[in-house]
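Chemist: For reference, the file protein.cif (mmCIF, C-alpha atoms) is included below:
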```cif
data_data
#
loop_
_atom_site.label_atom_id
_atom_site.label_comp_id
_atom_site.auth_asym_id
_atom_site.auth_seq_id
_atom_site.Cartn_x
_atom_site.Cartn_y
_atom_site.Cartn_z
CA MET V 2 40.41 83.97 71.46
CA ARG V 3 38.80 87.42 71.35
CA VAL V 4 39.76 89.78 74.15
CA LEU V 5 38.72 93.28 75.12
CA VAL V 6 41.21 95.76 76.58
CA ILE V 7 39.58 98.71 78.33
CA GLY V 8 42.03 101.58 78.69
CA ALA V 9 44.65 102.48 76.10
CA GLY V 10 47.12 104.33 78.30
CA ALA V 11 50.75 103.38 78.81
CA VAL V 12 49.91 99.99 80.37
CA GLY V 13 46.89 99.19 78.19
CA ALA V 14 48.79 99.95 74.96
CA ARG V 15 51.66 97.64 76.05
CA ALA V 16 49.18 94.89 76.93
CA VAL V 17 47.54 95.22 73.49
CA ARG V 18 50.93 94.84 71.81
CA GLN V 19 51.68 91.70 73.83
CA LEU V 20 48.26 90.23 73.03
CA VAL V 21 48.38 90.81 69.27
CA GLU V 22 51.70 88.99 69.15
CA SER V 23 50.25 85.94 70.87
CA ALA V 24 49.30 83.04 68.59
CA GLU V 25 46.20 82.03 70.55
CA VAL V 26 44.70 85.53 70.39
CA ASP V 27 42.66 86.15 67.23
CA ARG V 28 41.25 89.58 67.98
CA VAL V 29 42.10 92.36 70.43
CA LEU V 30 39.37 94.93 70.86
CA VAL V 31 40.50 98.23 72.34
CA ARG V 32 38.25 100.67 74.16
CA ASP V 33 39.16 104.03 75.68
CA ILE V 34 37.16 107.15 76.53
CA ASP V 35 39.82 109.11 74.63
CA ARG V 36 38.85 108.18 71.06
CA ALA V 37 42.01 109.64 69.54
CA ARG V 38 44.21 107.52 71.80
CA GLN V 39 42.04 104.44 71.12
CA ALA V 40 42.42 104.97 67.38
CA ALA V 41 46.17 105.49 67.69
CA VAL V 42 46.67 102.26 69.64
CA VAL V 43 44.47 100.28 67.21
CA LYS V 44 46.36 101.70 64.23
CA SER V 45 49.78 100.91 65.68
CA SER V 46 48.92 97.37 66.82
CA GLY V 47 48.38 95.60 63.50
CA ASP V 48 45.54 93.70 61.88
CA LYS V 49 44.40 91.81 64.97
CA ALA V 50 43.49 95.03 66.80
CA ALA V 51 40.18 96.82 66.36
CA ALA V 52 38.05 99.39 68.13
CA GLY V 53 36.00 97.63 70.79
CA ASP V 54 32.73 99.50 70.74
CA GLY V 55 29.60 97.40 71.28
CA ASP V 56 31.08 94.01 70.42
CA ALA V 57 29.56 91.29 72.64
CA ARG V 58 31.64 88.35 71.36
CA ILE V 59 34.45 88.52 73.88
CA ASP V 60 36.21 85.70 75.75
CA ALA V 61 37.99 87.78 78.39
CA VAL V 62 38.50 91.37 79.51
CA LEU V 63 41.59 93.27 80.57
CA LEU V 64 40.88 96.41 82.61
CA ALA V 65 43.66 98.97 82.24
CA GLY V 66 41.70 102.18 82.67
CA PRO V 67 42.03 104.79 85.39
CA ALA V 68 41.76 103.77 89.06
CA GLY V 69 38.21 103.80 90.34
CA THR V 70 36.65 102.43 87.15
CA HIS V 71 37.48 98.75 87.51
CA VAL V 72 34.91 97.26 89.89
CA ASP V 73 31.73 98.11 87.97
CA ALA V 74 33.29 96.99 84.69
CA ALA V 75 34.50 93.74 86.28
CA ARG V 76 31.05 93.06 87.73
CA GLU V 77 29.43 93.58 84.31
CA HIS V 78 31.78 91.20 82.49
CA LEU V 79 31.80 88.64 85.30
CA ALA V 80 28.00 88.51 85.06
CA ALA V 81 28.51 87.47 81.44
CA GLY V 82 30.88 84.70 82.59
CA ARG V 83 34.08 86.28 81.25
CA PRO V 84 37.45 86.10 83.01
CA VAL V 85 38.58 89.55 84.11
CA VAL V 86 42.11 90.87 84.70
CA SER V 87 42.63 94.27 86.31
CA THR V 88 45.81 96.34 86.45
CA SER V 89 44.57 98.78 89.07
CA ASP V 90 46.70 99.29 92.16
CA ALA V 91 44.11 101.41 93.98
CA ILE V 92 43.05 99.89 97.30
CA GLY V 93 39.37 100.59 96.56
CA ASP V 94 39.51 98.78 93.22
CA VAL V 95 41.41 95.81 94.61
CA ARG V 96 39.10 95.46 97.59
CA GLY V 97 36.03 95.68 95.31
CA LEU V 98 37.44 93.08 92.93
CA LEU V 99 38.31 90.68 95.77
CA ASP V 100 34.72 91.05 97.00
CA LEU V 101 33.62 89.41 93.72
CA ASP V 102 35.24 86.16 94.85
CA ALA V 103 32.01 84.28 95.65
CA GLU V 104 30.44 85.14 92.30
CA ALA V 105 33.62 84.31 90.41
CA ARG V 106 33.86 80.92 92.12
CA ALA V 107 30.20 80.24 91.40
CA ARG V 108 30.76 81.05 87.72
CA ARG V 109 34.10 79.20 87.74
CA VAL V 110 36.05 82.04 86.18
CA PRO V 111 39.11 83.90 87.48
CA VAL V 112 39.03 87.58 88.42
CA VAL V 113 42.64 88.71 88.73
CA ALA V 114 43.17 91.86 90.79
CA GLY V 115 46.36 93.92 90.75
CA ALA V 116 47.92 92.29 87.68
CA ALA V 117 50.61 94.88 86.96
CA PHE V 118 54.30 95.24 87.87
CA SER V 119 53.71 95.79 91.59
CA PRO V 120 51.35 94.37 92.59
CA GLY V 121 51.25 91.63 89.98
CA TYR V 122 54.72 90.56 88.92
CA SER V 123 55.84 91.11 92.53
CA CYS V 124 53.14 88.67 93.71
CA VAL V 125 54.46 85.99 91.31
CA LEU V 126 57.99 86.62 92.62
CA ALA V 127 56.70 86.17 96.17
CA ARG V 128 55.04 82.89 95.18
CA HIS V 129 58.21 81.69 93.44
CA ALA V 130 60.41 82.61 96.40
CA SER V 131 58.02 81.01 98.89
CA VAL V 132 58.54 77.59 97.34
CA ARG V 133 62.03 77.54 98.87
CA PHE V 134 60.63 77.90 102.41
CA ASP V 135 58.95 75.40 104.71
CA GLU V 136 57.07 78.27 106.30
CA VAL V 137 56.69 81.88 105.12
CA ALA V 138 56.70 84.32 108.03
CA GLU V 139 57.09 87.72 106.38
CA LEU V 140 56.67 89.33 102.95
CA HIS V 141 57.97 92.83 102.28
CA VAL V 142 57.41 94.43 98.88
CA ALA V 143 58.98 97.64 97.61
CA ARG V 144 58.69 99.33 94.25
CA SER V 145 60.37 102.17 92.45
CA GLY V 146 59.19 104.13 89.43
CA THR V 147 55.88 104.67 87.69
CA GLY V 148 54.21 103.63 84.44
CA GLY V 149 52.25 106.26 82.56
CA PRO V 150 50.74 109.54 83.81
CA ALA V 151 47.79 107.80 85.53
CA CYS V 152 50.24 105.62 87.46
CA ALA V 153 52.29 108.70 88.38
CA HIS V 154 49.18 110.39 89.80
CA GLN V 155 48.37 107.22 91.76
CA HIS V 156 51.98 107.13 93.07
CA HIS V 157 51.72 110.80 94.10
CA GLY V 158 48.45 110.20 95.98
CA ALA V 159 49.68 106.97 97.59
CA LEU V 160 52.16 108.91 99.72
CA THR V 161 49.25 110.50 101.57
CA GLY V 162 46.43 108.70 103.35
CA GLN V 163 46.77 105.38 105.13
CA ALA V 164 49.07 102.45 104.43
CA LEU V 165 47.77 98.98 105.12
CA ASP V 166 50.13 96.55 106.89
CA TRP V 167 49.38 93.00 107.99
CA ARG V 168 50.89 92.08 111.32
CA ASP V 169 50.23 89.12 113.65
CA GLY V 170 46.89 88.23 112.17
CA GLY V 171 45.42 91.73 111.91
CA TRP V 172 45.38 94.83 109.72
CA HIS V 173 47.23 97.91 110.89
CA ARG V 174 46.77 101.35 109.39
CA ARG V 175 49.84 103.55 109.41
CA SER V 176 50.45 106.99 107.97
CA ALA V 177 51.60 106.89 104.35
CA GLY V 178 54.99 108.54 104.00
CA SER V 179 56.24 107.10 107.30
CA GLY V 180 58.51 104.09 107.94
CA ARG V 181 61.55 105.06 105.88
CA GLU V 182 63.61 102.03 104.84
CA LEU V 183 66.56 101.85 102.48
CA CYS V 184 65.75 99.21 99.86
CA TRP V 185 68.29 97.79 97.43
CA PHE V 186 66.79 97.40 93.96
CA PRO V 187 68.42 95.71 90.95
CA ASP V 188 71.10 97.82 89.24
CA PRO V 189 71.22 100.48 87.94
CA ILE V 190 68.53 101.72 90.33
CA GLY V 191 70.35 100.51 93.44
CA ALA V 192 69.50 101.85 96.89
CA GLU V 193 66.44 104.05 97.34
CA ASP V 194 64.59 105.25 100.41
CA CYS V 195 61.14 103.66 100.52
CA TYR V 196 58.13 104.62 102.61
CA ARG V 197 54.79 103.17 103.60
CA ALA V 198 52.13 104.12 101.07
CA GLU V 199 48.51 103.49 100.26
CA LEU V 200 49.20 100.30 98.31
CA PRO V 201 47.08 97.14 97.93
CA ASP V 202 49.89 94.56 98.00
CA ALA V 203 49.09 93.26 101.47
CA LEU V 204 45.41 92.83 100.56
CA LEU V 205 46.49 90.55 97.70
CA LEU V 206 49.30 88.66 99.42
CA VAL V 207 47.69 87.81 102.76
CA PRO V 208 44.98 85.52 101.29
CA ALA V 209 47.58 83.91 99.01
CA PHE V 210 49.89 83.02 101.92
CA PRO V 211 47.74 81.69 104.77
CA GLY V 212 49.52 81.97 108.11
CA VAL V 213 51.94 84.71 107.06
CA GLY V 214 52.83 86.91 110.02
CA ARG V 215 53.77 90.22 108.41
CA VAL V 216 53.14 91.77 105.01
CA THR V 217 54.20 95.32 104.15
CA ALA V 218 54.50 97.38 100.97
CA ARG V 219 56.66 100.42 100.41
CA LEU V 220 57.14 102.94 97.65
CA ALA V 221 60.43 104.59 96.68
CA ALA V 222 60.20 108.34 97.04
CA THR V 223 62.45 111.35 97.27
CA ARG V 224 62.32 114.06 99.92
CA ARG V 225 60.60 116.29 97.40
CA ASP V 226 57.97 113.61 96.73
CA ARG V 227 57.17 113.41 100.43
CA PHE V 228 57.15 117.17 100.87
CA SER V 229 54.86 117.73 97.89
CA ALA V 230 52.63 114.66 98.33
CA HIS V 231 49.83 116.73 99.85
CA LEU V 232 49.96 119.29 97.03
CA PRO V 233 48.82 118.95 93.42
CA MET V 234 51.52 117.48 91.16
CA LEU V 235 53.97 120.29 90.48
CA ARG V 236 55.33 118.85 87.24
CA LYS V 237 53.65 117.00 84.41
CA PRO V 238 54.47 113.28 84.65
CA HIS V 239 56.55 111.54 82.02
CA PRO V 240 54.18 110.20 79.28
CA GLU V 241 55.71 106.71 79.23
CA GLY V 242 57.36 106.49 82.64
CA LEU V 243 61.04 105.74 83.11
CA LEU V 244 62.98 102.79 84.48
CA GLY V 245 61.50 101.16 87.58
CA ALA V 246 61.99 98.11 89.75
CA VAL V 247 60.31 95.84 92.25
CA ARG V 248 61.83 94.04 95.20
CA VAL V 249 60.29 91.24 97.24
CA GLU V 250 61.83 90.11 100.51
CA VAL V 251 60.60 86.79 101.87
CA ARG V 252 61.47 85.74 105.41
CA GLY V 253 60.68 82.34 106.83
CA ARG V 254 61.99 79.01 108.01
CA ARG V 255 63.86 76.54 105.86
CA GLY V 256 65.35 73.30 107.19
CA GLY V 257 64.75 74.36 110.79
CA THR V 258 66.52 77.73 110.53
CA SER V 259 65.40 81.25 109.71
CA ASP V 260 66.27 82.44 106.23
CA VAL V 261 65.75 85.41 103.91
CA LEU V 262 65.37 85.47 100.13
CA VAL V 263 65.25 88.69 98.13
CA MET V 264 64.00 88.70 94.55
CA GLY V 265 63.45 91.61 92.19
CA ALA V 266 63.07 92.82 88.66
CA LEU V 267 64.07 95.87 86.66
CA ASP V 268 62.07 97.24 83.75
CA ARG V 269 59.95 100.13 82.59
CA PRO V 270 56.90 99.66 84.83
CA ALA V 271 54.36 100.19 82.02
CA VAL V 272 56.08 97.60 79.82
CA ALA V 273 56.34 95.02 82.61
CA ALA V 274 52.78 95.71 83.79
CA GLY V 275 51.39 95.36 80.26
CA ALA V 276 53.25 92.09 79.69
CA THR V 277 52.17 90.69 83.07
CA ALA V 278 48.52 91.64 82.55
CA ALA V 279 48.48 90.22 79.00
CA LEU V 280 49.97 86.92 80.17
CA ALA V 281 47.54 86.75 83.11
CA LEU V 282 44.66 87.23 80.66
CA ARG V 283 45.90 84.44 78.39
CA TRP V 284 46.37 82.12 81.37
CA ALA V 285 42.93 83.02 82.71
CA VAL V 286 41.28 82.02 79.42
CA ALA V 287 43.41 78.87 79.20
CA GLY V 288 42.26 77.75 82.66
CA ARG V 289 45.74 78.04 84.17
CA LEU V 290 44.59 80.39 86.94
CA PRO V 291 42.26 79.26 89.73
CA SER V 292 38.61 80.32 89.75
CA GLY V 293 37.68 83.14 92.11
CA ALA V 294 38.97 86.63 92.76
CA ALA V 295 42.62 86.85 93.78
CA GLY V 296 45.94 88.43 92.96
CA LEU V 297 48.75 86.77 91.05
CA GLY V 298 50.11 85.38 94.33
CA ALA V 299 47.52 82.65 93.76
CA VAL V 300 49.28 81.47 90.58
CA THR V 301 50.14 77.81 91.05
CA GLU V 302 52.87 77.64 88.39
CA PRO V 303 55.13 80.64 89.08
CA VAL V 304 58.14 79.27 87.18
CA PRO V 305 56.42 78.89 83.77
CA PHE V 306 54.79 82.30 84.32
CA LEU V 307 58.17 83.94 84.99
CA ALA V 308 59.77 82.00 82.12
CA GLU V 309 57.14 83.26 79.65
CA LEU V 310 57.65 86.83 80.84
CA ALA V 311 61.43 86.41 80.60
CA GLY V 312 60.83 85.44 76.97
CA VAL V 313 59.39 88.90 76.30
CA GLY V 314 62.16 90.64 78.23
CA VAL V 315 60.72 90.97 81.74
CA LYS V 316 63.38 89.18 83.76
CA ALA V 317 63.53 88.32 87.45
CA ALA V 318 66.66 88.48 89.55
CA VAL V 319 67.73 87.17 92.92
CA PHE V 320 69.99 88.92 95.43
CA GLU V 321 72.83 86.63 96.40
CA GLY V 322 75.73 86.79 98.79
CA GLY V 323 74.33 89.47 101.07
CA ARG V 324 74.51 89.44 104.86
CA MET R 157 49.91 135.82 127.64
CA ALA R 158 53.60 135.00 128.13
CA LEU R 159 52.69 131.36 128.74
CA LEU R 160 50.70 131.24 125.51
CA ARG R 161 53.58 132.86 123.60
CA ARG R 162 56.08 130.32 125.00
CA ALA R 163 53.75 127.45 124.12
CA LEU R 164 53.40 128.72 120.55
CA VAL R 165 57.19 129.12 120.22
CA ALA R 166 57.71 125.59 121.59
CA LEU R 167 55.18 124.19 119.15
CA GLY R 168 56.82 126.05 116.28
CA VAL R 169 60.29 124.77 117.18
CA ALA R 170 58.92 121.21 117.54
CA GLY R 171 57.30 121.52 114.13
CA ILE R 172 60.52 122.71 112.49
CA VAL R 173 62.51 119.88 114.13
CA ALA R 174 59.89 117.33 113.01
CA ALA R 175 59.96 118.69 109.44
CA VAL R 176 63.77 118.49 109.32
CA LEU R 177 63.73 114.93 110.68
CA ARG R 178 61.07 113.96 108.13
CA LEU R 179 62.93 115.34 105.17
CA ARG R 180 66.48 114.41 106.11
CA GLY R 181 68.19 111.41 107.62
CA SER R 182 69.00 108.00 106.31
CA GLY R 183 66.82 104.91 106.04
CA GLY R 184 69.59 102.43 106.79
CA THR R 185 72.77 100.91 105.47
CA PRO R 186 72.95 99.27 102.05
CA PRO R 187 74.30 95.71 101.87
CA GLN R 188 78.10 95.65 101.99
CA GLN R 189 78.44 92.51 99.87
CA GLY R 190 76.47 90.42 97.41
CA GLY R 191 74.68 91.38 94.26
CA TRP R 192 71.82 90.72 91.88
CA ARG R 193 71.85 87.72 89.55
CA GLU R 194 69.35 87.45 86.73
CA LEU R 195 67.32 84.23 86.72
CA SER R 196 67.90 82.20 83.60
CA GLY R 197 68.14 78.66 82.26
CA PRO R 198 67.89 76.17 85.14
CA ASP R 199 66.26 78.75 87.43
CA LEU R 200 63.23 78.87 85.15
CA GLU R 201 62.84 75.18 84.32
#
```
What does this structure look like when you write it as structure tokens?

Modeler:
Amino acid sequence: MRVLVIGAGAVGARAVRQLVESAEVDRVLVRDIDRARQAAVVKSSGDKAAAGDGDARIDAVLLAGPAGTHVDAAREHLAAGRPVVSTSDAIGDVRGLLDLDAEARARRVPVVAGAAFSPGYSCVLARHASVRFDEVAELHVARSGTGGPACAHQHHGALTGQALDWRDGGWHRRSAGSGRELCWFPDPIGAEDCYRAELPDALLLVPAFPGVGRVTARLAATRRDRFSAHLPMLRKPHPEGLLGAVRVEVRGRRGGTSDVLVMGALDRPAVAAGATAALALRWAVAGRLPSGAAGLGAVTEPVPFLAELAGVGVKAAVFEGGR
Amino acid sequence: MALLRRALVALGVAGIVAAVLRLRGSGGTPPQQGGWRELSGPDLE
């Protein structure tokens, strides 16, 4: 298998490392507009990695570049019949990728949108949790932390603009930065205030869970984050990101009664996002993901997916014993 | 003129109160019992 990774930032570099360690991957081509960074990632990733300039013999493509660059690239590679996996969590990118559904189905290849930590891993957790319910009524996703600098900028901007909630069969736009809710993430992150934000999770989860009544997504933020969200970033973001977490709350009916299940994961977001995207790419090439454009909520085998990620250190957790 | 001044003062006070409410306060109560358990073994088979 020969794969192309476009974008060698914090997430792209982690995805390359996961791919070169996979037995079924023969070649990982890396492309980035920053040639120095591209060369550094190629050099540090072993013999399977190479610069990916002008090589047409590719089986699949992983898009890990900046937000806003994913749709055109996906369209180009989809036209060549290649599976595409995108890590972007920008609403515009996700919407544009989901719009490629008809073409992807016609070509019988998967286009995976939002294959990162959240969305991405969180969508697989939602799918896994949903199996325990007869009927899923509500999905609420929250995330804490950022990957690399590009992710930090996206996080900063997501606290302004419009959040997208799904409620009672329709989309509702609410102000980002509103709707404070205390969310309990896996330790050592613990409780953090989370707010509505311009996140694409609902766009990905609603088609994957037909009949769901409510889907929301929130972002952990401090008072300073909210105060400074409308300003340029005051401090340079951490180059690799720090510890982060995702939390997925599923509400529904089980055995005739209402029930709640909360699942989560703790990791460095760039590491978890890179591992999730790399696995999604391998599954896409292996035919283990359905044709068409969708998020990872469409994965039909969530347990093997989570088990493979647990094998590389990205481990899910369940909240038990709460009231 | 006095009416305009009072309206501006009222708007200013409302703005300050809104800013304080936005930046302070609590989002809820954390769970009083229970905890996270990592999925492993039988959970992932």

Chemist: Taking only residues of chain V that have an atom at most 10 Å from an atom of chain R, what is each one's shortest atom pair and its distance in Å to one decimal, using only C-alpha atoms, in chain and number order, as CSV?

Modeler:
```
residue,atom,partner,partner_atom,distance
V:Gly178,CA,R:Arg178,CA,9.1
V:Ser179,CA,R:Arg178,CA,8.4
V:Gly180,CA,R:Gly183,CA,8.6
V:Arg181,CA,R:Gly183,CA,5.3
V:Glu182,CA,R:Gly183,CA,4.5
V:Leu183,CA,R:Gly183,CA,4.7
V:Cys184,CA,R:Pro186,CA,7.5
V:Trp185,CA,R:Pro186,CA,6.7
V:Phe186,CA,R:Trp192,CA,8.6
V:Pro187,CA,R:Trp192,CA,6.1
V:Asp188,CA,R:Trp192,CA,7.6
V:Gly191,CA,R:Pro186,CA,9.1
V:Ala192,CA,R:Pro186,CA,6.7
V:Glu193,CA,R:Gly183,CA,8.8
V:Asp194,CA,R:Gly183,CA,6.1
V:Cys195,CA,R:Gly183,CA,8.0
V:Tyr196,CA,R:Gly183,CA,9.3
V:Thr223,CA,R:Leu179,CA,8.9
V:Arg224,CA,R:Leu179,CA,5.4
V:Arg225,CA,R:Leu179,CA,8.2
V:Asp226,CA,R:Leu179,CA,9.9
V:Arg227,CA,R:Leu179,CA,7.7
V:Phe228,CA,R:Leu179,CA,7.4
V:Val263,CA,R:Trp192,CA,9.3
V:Met264,CA,R:Trp192,CA,8.5
V:Gly265,CA,R:Trp192,CA,8.4
V:Ala266,CA,R:Glu194,CA,8.5
V:Leu267,CA,R:Glu194,CA,9.9
V:Pro303,CA,R:Leu200,CA,9.2
V:Val304,CA,R:Leu200,CA,5.5
V:Pro305,CA,R:Leu200,CA,6.9
V:Phe306,CA,R:Leu200,CA,9.1
V:Leu307,CA,R:Leu200,CA,7.2
V:Ala308,CA,R:Leu200,CA,5.6
V:Glu309,CA,R:Leu200,CA,9.3
V:Ala311,CA,R:Ser196,CA,8.3
V:Lys316,CA,R:Glu194,CA,6.9
V:Ala317,CA,R:Leu195,CA,5.6
V:Ala318,CA,R:Glu194,CA,4.0
V:Val319,CA,R:Arg193,CA,5.4
V:Phe320,CA,R:Trp192,CA,4.4
V:Glu321,CA,R:Gly190,CA,5.4
V:Gly322,CA,R:Gly190,CA,4.0
V:Gly323,CA,R:Gly190,CA,4.3
V:Arg324,CA,R:Pro187,CA,6.9
```

Chemist: Please compute the atom CA of Gly170 of chain V-atom CA of Ala91 of chain V distance, one decimal, in Å.

Modeler: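 That distance, rounded to one decimal, is 22.6 Å.
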
Chemist: Using all atoms listed in the file, can you tell me which of V:Ala271, V:Val42, V:Val249, V:Val261 comes closest to Glu136 of chain V?

Modeler: V:Val261

Chemist: Taking only C-alpha atoms into account, name the residue in V:His78, V:His157, V:Arg174, V:Arg252 that is nearest to Arg108 of chain V.

Modeler: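 Closest to Arg108 of chain V, using only C-alpha atoms: V:His78.
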
Chemist: Could you pull the residues within 8 Å of Ala274 of chain V, counting only C-alpha atoms, minus those fewer than 4 positions along the same chain, as a list in words?

Modeler: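 Everything that qualifies: Val12, Ala16, Thr88, Ala116, Ala117, Phe118, Ser119, Gly121, Tyr122, Pro270 and Ala278 of chain V.
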
Chemist: Which of these residues is nearest to Leu101 of chain V, using all atoms listed in the file: V:Ser292, V:Ser131, V:Ser23, V:Glu302?

Modeler: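 Counting all atoms listed in the file, the residue closest to Leu101 of chain V is V:Ser292.
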
Chemist: Counting all atoms listed in the file, find the residues whose atoms lie at most 8 Å from (35.1, 89.8, 71.9) (file coordinates) and write them out as a PyMOL selection string.

Modeler: chain V and resi 2-5+28-30+53+56-61

Chemist: Do a neighbour search on Val86 of chain V at 10 Å with only C-alpha atoms, toss out local chain neighbours closer than 6 positions, and write the hits as a ChimeraX atom specification.

Modeler: /V:6,61-65,71,75,98,111-117,278-283,285,294-296

Chemist: With C-alpha atoms retained, write the just-selected residues as a PDB file, in the coordinates of the input.

Modeler:
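Result saved to out.pdb:
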```
ATOM      1  CA  VAL V   6      41.210  95.760  76.580  1.00  0.00           C
ATOM      2  CA  ALA V  61      37.990  87.780  78.390  1.00  0.00           C
ATOM      3  CA  VAL V  62      38.500  91.370  79.510  1.00  0.00           C
ATOM      4  CA  LEU V  63      41.590  93.270  80.570  1.00  0.00           C
ATOM      5  CA  LEU V  64      40.880  96.410  82.610  1.00  0.00           C
ATOM      6  CA  ALA V  65      43.660  98.970  82.240  1.00  0.00           C
ATOM      7  CA  HIS V  71      37.480  98.750  87.510  1.00  0.00           C
ATOM      8  CA  ALA V  75      34.500  93.740  86.280  1.00  0.00           C
ATOM      9  CA  LEU V  98      37.440  93.080  92.930  1.00  0.00           C
ATOM     10  CA  PRO V 111      39.110  83.900  87.480  1.00  0.00           C
ATOM     11  CA  VAL V 112      39.030  87.580  88.420  1.00  0.00           C
ATOM     12  CA  VAL V 113      42.640  88.710  88.730  1.00  0.00           C
ATOM     13  CA  ALA V 114      43.170  91.860  90.790  1.00  0.00           C
ATOM     14  CA  GLY V 115      46.360  93.920  90.750  1.00  0.00           C
ATOM     15  CA  ALA V 116      47.920  92.290  87.680  1.00  0.00           C
ATOM     16  CA  ALA V 117      50.610  94.880  86.960  1.00  0.00           C
ATOM     17  CA  ALA V 278      48.520  91.640  82.550  1.00  0.00           C
ATOM     18  CA  ALA V 279      48.480  90.220  79.000  1.00  0.00           C
ATOM     19  CA  LEU V 280      49.970  86.920  80.170  1.00  0.00           C
ATOM     20  CA  ALA V 281      47.540  86.750  83.110  1.00  0.00           C
ATOM     21  CA  LEU V 282      44.660  87.230  80.660  1.00  0.00           C
ATOM     22  CA  ARG V 283      45.900  84.440  78.390  1.00  0.00           C
ATOM     23  CA  ALA V 285      42.930  83.020  82.710  1.00  0.00           C
ATOM     24  CA  ALA V 294      38.970  86.630  92.760  1.00  0.00           C
ATOM     25  CA  ALA V 295      42.620  86.850  93.780  1.00  0.00           C
ATOM     26  CA  GLY V 296      45.940  88.430  92.960  1.00  0.00           C
TER      27      GLY V 296
END
```

Chemist: Mind giving me the straight-line distance from atom CA of Gly314 of chain V to atom CA of Ala218 of chain V in Å, one decimal?

Modeler: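 For atom CA of Gly314 of chain V relative to atom CA of Ala218 of chain V, the distance reads 24.9 Å.
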
Chemist: Taking (53.7, 79.5, 107.6) as a centre in this file's frame and 9 Å as the limit, can you find every polymer residue with an atom that close, using all atoms listed in the file, and give them as a list in words?

Modeler: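 Output: Phe134, Asp135, Glu136, Val137, Ala138, Glu139, Phe210, Pro211, Gly212, Val213, Gly214, Gly253 and Arg254 of chain V.
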
Chemist: Take the residues from that selection and put them in a file with C-alpha atoms, as a short mmCIF file (atom, residue, chain, number, x, y, z; two decimals), in the frame of the given file.

Modeler:
```cif
data_model
loop_
_atom_site.label_atom_id
_atom_site.label_comp_id
_atom_site.auth_asym_id
_atom_site.auth_seq_id
_atom_site.Cartn_x
_atom_site.Cartn_y
_atom_site.Cartn_z
CA PHE V 134 60.63 77.90 102.41
CA ASP V 135 58.95 75.40 104.71
CA GLU V 136 57.07 78.27 106.30
CA VAL V 137 56.69 81.88 105.12
CA ALA V 138 56.70 84.32 108.03
CA GLU V 139 57.09 87.72 106.38
CA PHE V 210 49.89 83.02 101.92
CA PRO V 211 47.74 81.69 104.77
CA GLY V 212 49.52 81.97 108.11
CA VAL V 213 51.94 84.71 107.06
CA GLY V 214 52.83 86.91 110.02
CA GLY V 253 60.68 82.34 106.83
CA ARG V 254 61.99 79.01 108.01
#
```

Chemist: Once the PyMOL selection byres ((chain V and resi 43) around 10) has been applied to the shown file, what residues remain in the selection, as a count of residues only?

Modeler: 24
